[in-house]
Amino acid sequence: IHNALVATEDERFYKHSGIDFRALGRTGVKTFLLQQKSAGGASTITQQLARLLFTGPKASGFERVVQKLKEWIIAVRLESKYSKQEIMTMYLNKFDFLYDSHGIRAAAETYFGKPQDSLNIEEAAMLVGMLKNPSLFNPRRRPDTVRHRREVVLKQMLKNDFIDKPTYDSLRALPLDISNFTRKTHTQ
């Protein structure tokens, strides 16, 4: 799951200390100079964790600028106190995957009826795909959209050498299988 997360959400995760200035510059150029509405994100996994832990849902306008500055400060502090592995684990454990599935362990049990360490690549790719927008990429309500998003995650894994072309080709052809879906409360 960590390879899918890094490949999809933050390709330079192991090369920055909380803020990816290269991605930030790319997004700035595409947004302000080229006037592209879909310029891609510049938030690192650590910044996304900072938002989940401390700053709340994305704001808009000037409030978003202030929120982004807070995220940067918190992200740099998180990077100085925790390992990359700990940051990824905290992020995956804090995320709400819908259906009372708070965290990756609960999501693996809910959607696939198995522990997270038993997830196969396409299952991990589906869950990582949900990180972008769990309501939009809800496998129970939008299986075709989720299958397409899973393919995007797999393509990113191929691009970043986490899987090879034959593996990508075989995994992308698989149907979306959530036949073991079981909704239950995972809170204790």
# chains A, B, ... in the order shown; residues from 1 in each chain; ligands from 1
>>> residues_around(residues="Ala107 of chain A", least_positions_apart="4", cutoff="9 Å", atoms="only C-alpha atoms", output="CSV table (one decimal) with C-alpha atoms, in the first residue's frame")
chain,number,residue,atom,x,y,z
A,96,ASP,CA,-11.9,8.2,6.5
A,97,PHE,CA,-12.6,5.6,3.8
A,98,LEU,CA,-16.4,5.8,4.3
A,99,TYR,CA,-18.8,3.3,5.9
A,100,ASP,CA,-17.3,3.7,9.4
A,101,SER,CA,-13.9,2.8,8.0
A,102,HIS,CA,-11.5,5.2,9.7
A,103,GLY,CA,-8.0,4.1,8.7
A,111,TYR,CA,-14.0,-3.5,1.5
A,112,PHE,CA,-12.1,-6.8,1.3
A,113,GLY,CA,-12.8,-8.7,4.5
A,116,GLN,CA,-4.4,-4.7,5.5
A,127,LEU,CA,-8.0,2.2,-1.5
>>> residues_around(residues="Gln47 of chain A", least_positions_apart="3", cutoff="12 Å", atoms="only C-alpha atoms", output="ChimeraX atom specification")
/A:9-10,13,16-20,41-44,50-56,58,67-79,87-88,90-91
>>> residues_around(residues="Leu154 of chain A", least_positions_apart="5", cutoff="9 Å", atoms="only C-alpha atoms", output="CSV table (one decimal) with C-alpha atoms, in the first residue's frame")
chain,number,residue,atom,x,y,z
A,4,ALA,CA,0.8,2.9,-4.3
A,7,ALA,CA,3.5,6.7,-6.5
A,8,THR,CA,0.1,8.4,-6.6
A,121,ILE,CA,-1.8,-4.7,-5.3
A,122,GLU,CA,-5.1,-4.0,-7.0
A,125,ALA,CA,-4.6,0.6,-5.5
A,149,ARG,CA,-9.2,5.6,-10.7
A,159,LYS,CA,5.7,5.0,-14.0
A,163,ILE,CA,5.4,-2.7,-10.9
A,168,TYR,CA,0.2,-3.5,-14.9
A,171,LEU,CA,-3.9,-6.0,-12.9
A,172,ARG,CA,-5.7,-3.3,-14.9
>>> select_by_dssp(residues="segment 61-180 of chain A", states="helix (DSSP H, G or I)", output="PyMOL selection string")
chain A and resi 62-81+84-94+104-112+116-118+121-130+143-159+165-172
>>> closest_residue(among="A:Ile45, A:Ala106, A:Leu5, A:Val66", to="Lys184 of chain A", atoms="only C-alpha atoms")
A:Ala106
>>> closest_residue(among="A:Leu136, A:Met126, A:Ile178, A:Leu131", to="Glu151 of chain A", atoms="only C-alpha atoms")
A:Met126
>>> decode(residues="segment 68-79 of chain A", atoms="all heavy atoms", output="compact mmCIF listing (two decimals), in the first residue's frame")
# COMPACT_ATOMS: atom_id res chain seq x y z
N LYS A 68 -2.97 26.91 4.08
CA LYS A 68 -1.83 26.29 3.41
C LYS A 68 -0.52 26.62 4.13
O LYS A 68 0.33 25.74 4.30
CB LYS A 68 -1.78 26.78 1.96
CG LYS A 68 -0.95 25.93 1.06
CD LYS A 68 -1.62 24.60 0.84
CE LYS A 68 -0.96 23.85 -0.28
NZ LYS A 68 -1.33 22.44 -0.30
N LEU A 69 -0.38 27.87 4.58
CA LEU A 69 0.82 28.24 5.34
C LEU A 69 0.92 27.43 6.64
O LEU A 69 2.01 26.96 7.01
CB LEU A 69 0.81 29.74 5.65
CG LEU A 69 1.00 30.66 4.45
CD1 LEU A 69 0.77 32.12 4.84
CD2 LEU A 69 2.38 30.49 3.84
N LYS A 70 -0.20 27.25 7.31
CA LYS A 70 -0.21 26.41 8.53
C LYS A 70 0.19 24.98 8.21
O LYS A 70 0.96 24.36 8.94
CB LYS A 70 -1.60 26.43 9.17
CG LYS A 70 -1.96 27.72 9.84
CD LYS A 70 -3.37 27.62 10.42
CE LYS A 70 -3.83 28.93 11.01
NZ LYS A 70 -5.22 28.85 11.51
N GLU A 71 -0.35 24.45 7.10
CA GLU A 71 0.00 23.09 6.69
C GLU A 71 1.50 22.96 6.45
O GLU A 71 2.10 21.96 6.84
CB GLU A 71 -0.75 22.70 5.41
CG GLU A 71 -2.20 22.42 5.60
CD GLU A 71 -2.94 22.19 4.28
OE1 GLU A 71 -2.27 21.94 3.24
OE2 GLU A 71 -4.17 22.27 4.29
N TRP A 72 2.10 23.95 5.80
CA TRP A 72 3.54 23.89 5.54
C TRP A 72 4.34 23.85 6.84
O TRP A 72 5.26 23.06 6.98
CB TRP A 72 3.98 25.10 4.71
CG TRP A 72 3.52 25.08 3.29
CD1 TRP A 72 2.98 24.04 2.59
CD2 TRP A 72 3.58 26.18 2.38
NE1 TRP A 72 2.69 24.41 1.31
CE2 TRP A 72 3.05 25.72 1.14
CE3 TRP A 72 4.01 27.49 2.47
CZ2 TRP A 72 2.96 26.53 0.03
CZ3 TRP A 72 3.91 28.30 1.35
CH2 TRP A 72 3.40 27.83 0.14
N ILE A 73 3.97 24.71 7.77
CA ILE A 73 4.69 24.76 9.06
C ILE A 73 4.55 23.43 9.79
O ILE A 73 5.52 22.86 10.29
CB ILE A 73 4.19 25.94 9.92
CG1 ILE A 73 4.58 27.27 9.27
CG2 ILE A 73 4.72 25.84 11.35
CD1 ILE A 73 3.86 28.49 9.82
N ILE A 74 3.32 22.94 9.85
CA ILE A 74 3.07 21.67 10.55
C ILE A 74 3.78 20.52 9.84
O ILE A 74 4.36 19.64 10.49
CB ILE A 74 1.55 21.41 10.66
CG1 ILE A 74 0.91 22.46 11.58
CG2 ILE A 74 1.28 20.00 11.19
CD1 ILE A 74 -0.62 22.50 11.51
N ALA A 75 3.77 20.53 8.50
CA ALA A 75 4.42 19.46 7.74
C ALA A 75 5.92 19.41 8.03
O ALA A 75 6.48 18.33 8.24
CB ALA A 75 4.18 19.66 6.24
N VAL A 76 6.56 20.55 8.07
CA VAL A 76 7.99 20.59 8.35
C VAL A 76 8.26 20.07 9.77
O VAL A 76 9.20 19.31 10.01
CB VAL A 76 8.56 22.02 8.15
CG1 VAL A 76 9.98 22.13 8.67
CG2 VAL A 76 8.50 22.38 6.67
N ARG A 77 7.41 20.44 10.71
CA ARG A 77 7.56 19.94 12.09
C ARG A 77 7.34 18.43 12.17
O ARG A 77 8.06 17.73 12.87
CB ARG A 77 6.59 20.67 13.02
CG ARG A 77 7.01 22.10 13.27
CD ARG A 77 6.08 22.77 14.24
NE ARG A 77 6.49 24.15 14.47
CZ ARG A 77 5.75 25.04 15.08
NH1 ARG A 77 4.55 24.73 15.53
NH2 ARG A 77 6.19 26.27 15.25
N LEU A 78 6.32 17.94 11.46
CA LEU A 78 6.08 16.49 11.45
C LEU A 78 7.28 15.74 10.88
O LEU A 78 7.70 14.71 11.41
CB LEU A 78 4.83 16.16 10.62
CG LEU A 78 3.48 16.50 11.24
CD1 LEU A 78 2.35 16.37 10.20
CD2 LEU A 78 3.18 15.63 12.44
N GLU A 79 7.85 16.27 9.79
CA GLU A 79 9.01 15.63 9.16
C GLU A 79 10.22 15.61 10.09
O GLU A 79 11.04 14.71 10.00
CB GLU A 79 9.36 16.35 7.85
CG GLU A 79 8.37 16.13 6.74
CD GLU A 79 8.67 14.92 5.86
OE1 GLU A 79 9.77 14.35 5.95
OE2 GLU A 79 7.80 14.57 5.06
